[in-house]
Amino acid sequence: RRPAAQPARPAQDRDVVIANELGLALRELYVVPTGSLETATDQLGIDTLPSGGSLRVALGRQTLCLFDVRVVLADGSTRERRGVDLCRTARVTFGDPTAPLREAMIENATDLTMRELYALPTATGRAQQRRGGEEPDRGQDRLGSEVVPPEATFTLRLGRTRDCLYDVTAVFEDDTEEERPRVDLCRRARLTFGDPSVPLREMEVANGSGRSMRNLFASATPVPPGQTRSAESWGPDRLSGVAMEAGDTFNLRLRSRNCLADLRAVYDDNTAEEKRGVDLCAGGGTTLFDASGVPRPPERAFTLVNRHSAAVDEAYASSIDESDWGEDKLSGTPLERGGRHEVVLRGGCEVDLRIVFANGGAEERRGVDICATNLIVLRPGWTLATRLDQNPGAIEPSPPREGSVRLRNTGPAPIVELYVHAAGAARGADRLGATVLGRGEALDFQPPEGVGCTADLSAVFRDGREISRQAFNFCSGTEVALP
């Protein structure tokens, strides 16, 4: 109701003492004539009023008596007193100094970070639900700007109150919620979220991919046979948005009764690699993500022939899907008039080409299909041809890159798996990954790091045939036919 009209009074200096007996510090304080709280100014500014403290607030010369007082506590909750007659009393006390100081220890026994925490007296939540017919307001997030990491605790301070029963809700980083209704905090001052009886599995994850790992997901929830894991089933990013650089390691912690888990890494170029059925119970093990499981586009080669009257200083070639030209494919060595240069790219058939001359002039061609024609004659107008019409001589492919060997598949079927390992050692990972070396195709291959130039080679063809070469020289700089 609208407050009764106040009788006219002579103006006089008015002040009020605000006493804090709430058991929590006050971070904001507003005292204004009744009905004008919306335009109030915080009387505390950057200060706080601790529990048990009091503050005298000068209101200046006033003819009014009725004032509204509102305080904001350290946990974000608010208390209000409307229509306080400061002509009769100059002291306003918030809280009951005789009520017990209530607090509880919140334990996060999950493997997820607790992002939000809510606690309201049970009676308050039910009353709100009856009035609104909707989900009750859970009040302020008691964590504020803090979070509770896995295996950590948080002291929930509720201030001075005679309430014992509370509805407590925790919200985790993956947006899942865990509710604890009607918790008696007078009898139990420790509240655990999660199940501490579930074993906490730990494993080191190493990034040996040579690129930055942006996300890491882990799930021990089994997937029904014949089904693929959905994006939602992977759960939250275990790296919490902090990228793992190449060569770094990360201690993965996962609560699960199962030993086997699926892991998924997403790299900075948006490619992803998955490891299925990783044994978390092995103890002391390390799971290496080396990008060998990332599908790699096939290697495609084409030859540039310079029929311009001047040398070409720079040449660039990139997929039509890429936003920049990349590195100079001539590596700083000009392509002289009549010269030839082989370019090798990984990607699709359609590429964009750009050549630059010494005087700064440049020419470009877009959407060139290097699968249809792998011989490109550079001259005014450019020519794509299966042969040269000005007899520049036979075009020989360049030798394998230094410190590598060129493997050419001369067999009757594509090579689908390739293994390189030290003599007597286990095969290890398939070095082709998602790449297939088709019939007649060649692959320039450098020895993997840590293996050395001489190692054992095994190749598996699509028809099931398998060949092995013992003490194979991967640094010969020659072309070798398989089988």
# chains A, B, ... in the order shown; residues from 1 in each chain; ligands from 1

call {"tool": "select_by_dssp", "arguments": {"residues": "segment 215-454 of chain A", "states": "strand (DSSP E)", "output": "PyMOL selection string"}}
result
chain A and resi 215-219+249-255+260-267+272-279+286-289+299-306+312-319+340-346+350-357+362-369+375-378+383-384+405-409+415-421+442-445+454

call {"tool": "residues_around", "arguments": {"residues": "Val148 of chain A", "least_positions_apart": "3", "cutoff": "12 Å", "atoms": "only C-alpha atoms", "output": "number ranges by chain"}}
result
A: 105-117, 142-145, 151-156, 170-173, 193

call {"tool": "closest_residue", "arguments": {"among": "A:Thr410, A:Ser209, A:Gln140, A:Asn258", "to": "Gly293 of chain A", "atoms": "only C-alpha atoms"}}
result
A:Ser209

call {"tool": "closest_residue", "arguments": {"among": "A:Leu200, A:Ala246, A:Leu330, A:Val31", "to": "Pro150 of chain A", "atoms": "only C-alpha atoms"}}
result
A:Leu200

call {"tool": "closest_residue", "arguments": {"among": "A:Ala362, A:Leu22, A:Ala429, A:Met203", "to": "Thr249 of chain A", "atoms": "only C-alpha atoms"}}
result
A:Met203
